[in-house]
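Following: one structure in structure tokens, then a few remarks.
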Amino acid sequence: MNATPPAVDHANAALRPEAVRHATLEVDGVSVFYREAERADAPVVLLLHGFGASSYMFRNLIPALAGDYHVIAPDLPGFGQTTVLPGVDFAYTFDNLTSVIDAFTQAKGLTRYAVYVFDYGAPVAWRLAVKHPQKISAVVSQNGNAYEEGLSPGWADMRRAWSAPTAENREALRRFNTPDMIKWQYVEGVEDASLIAPETYQLASAAIARIGDEPQMDLLLDYGSNVKQYPQLHAFFREYQPPTLAIWGKNDPFFLPPGAEAFKRDNPRAEVRFVNSGHFAIETHGAEIAAAMLEFLNRNVKA
């Protein structure tokens with residue numbers, strides 16, 4: 001019996017497009033953790049996660065896209081493995097999250113890219129699009145809101161805090177960071193909750209426990225700034241009309257289907273699809289979303 005392990009061709013393994021690397025890059029006093037499957041000269045797809053998540057949510061999507069695209073997914077400040085360096089005074093606002101991701105894309109040499117946005121990733125991408133419209137090759141929004149009609153009654157506590165940011169109204173938002181509430185956001189509206197791997201919400205909760213509630217409270221309070229900036233985004237859609245796919249979990253308790261349909265109002269190139277899932281639709285319908293995304297990108301972006 002030969003106990004010698006087979007030789008591994010590390011050079012060729014490193015060139016496989018499906019190989020996903022995990023690394024950090026320091027920008028603006030923040031150590032940005034990211035996942036990347038790099039394929040030379042392929043169009044770039046930037047994946048931006050949202051609240052209660054990290055780039056871990058793209059663990060299956062990245063390999064699905066990597067055969068044809070250069071895929072990169074950073075963790076936003078306040079989430080996952082990204083950390084603010086000691087001694088850096090960082091205010092958790094969506095403007096600052098965008099500044100970090102903007103600097104990250106520049107440091108990575110990304111001059112043009114499609115964006116996949118979800119939840120908090122959407123207002124970050126919308127700011128990037130308004131600031132650098134020439135860089136956006138396409139938009140895929142999976143429950144990443146851009147219109148007032150997409151906001152459900154579930155935003156009532158946040159709206160109250162936006163209009164009156166008292167200590168009491170801020171404190172009322174703390175419950176959104178509890179493990180039970182994070183789990184609820186994953187399973188609500190899902191037909192078969194057994195499809196949701198528990199690690200998804202457990203890792204998100206662990207990150208909040210490690211980093212702290214206060215950054216999340218700051219971002220919930222600042223979310224109202226995103227709504228105020230919707231008109232700038234709509235102007236971007238009308239002028240530049242990027243190929244857009246809104247693929248939505250139709251049972252999302254926070255972002256309603258009319259928010260997906262609204263993309264067509266300002267952008268005649270917008271396509272809208274729904275899947276029978278909730279907020280984290282990628283967890284239950286990941287294969288369907290990946291297939292739709294590949295078809296869309298191959299039609300609109302692929303060189």
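To be explicit about the labels: the chains of the structure tokens are called A, B, and onward in the order shown, and within each one the residues are counted from 1, while ligands get numbers from 1 in the order they are shown.
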
Mind the document's chain letters and residue numbers, and return as a list in words the residues of stretch 87-158 of chain A that DSSP labels strand (DSSP E).
-> Tyr113, Ala114, Val115, Tyr116, Val117, Ile136, Ser137, Ala138, Val139, Val140 and Ser141 of chain A

For A:Met217, please output as number ranges by chain all residues within 7 Å (counting only C-alpha atoms; exclusion window: fewer than 4 positions along the same chain).
-> A: 173-174, 213, 221

Those selected residues, please, written with N, CA and C atoms and delivered as a CSV table (one decimal), in the first residue's frame.
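result_13.csv, freshly written:
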```
chain,number,residue,atom,x,y,z
A,173,LEU,N,-34.3,50.2,18.8
A,173,LEU,CA,-33.8,49.5,17.6
A,173,LEU,C,-32.9,48.4,18.0
A,174,ARG,N,-32.5,48.3,19.3
A,174,ARG,CA,-31.5,47.3,19.7
A,174,ARG,C,-32.0,45.9,19.5
A,213,ASP,N,-23.0,46.2,19.3
A,213,ASP,CA,-24.3,46.6,18.9
A,213,ASP,C,-24.3,48.0,18.3
A,221,LEU,N,-30.0,54.0,12.4
A,221,LEU,CA,-30.4,55.4,12.5
A,221,LEU,C,-30.0,56.2,11.2
```

Taking the chain letters and numbering used in this document, name the residues of stretch 49-232 of chain A that DSSP puts in helix (DSSP H, G or I), as a ChimeraX atom specification.
-> /A:55-58,61-66,94-107,121-131,133-135,148-150,153-163,167-171,174-177,179-187,193-195,198-211,213-228,230-232

Name the residues in contact with A:Ala292 at a cut-off of 12 Å, using only C-alpha atoms, excluding same-chain residues fewer than 2 positions from it; report them as a ChimeraX atom specification.
-> /A:61,64-65,140-142,244-248,271-275,282,285-290,294-299

Nearest-residue call for A:Ala262, choices A:Glu26, A:Glu148, A:Asp119, A:Glu36, using only C-alpha atoms |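 Of the candidates, the smallest distance to A:Ala262 is held by A:Glu148.
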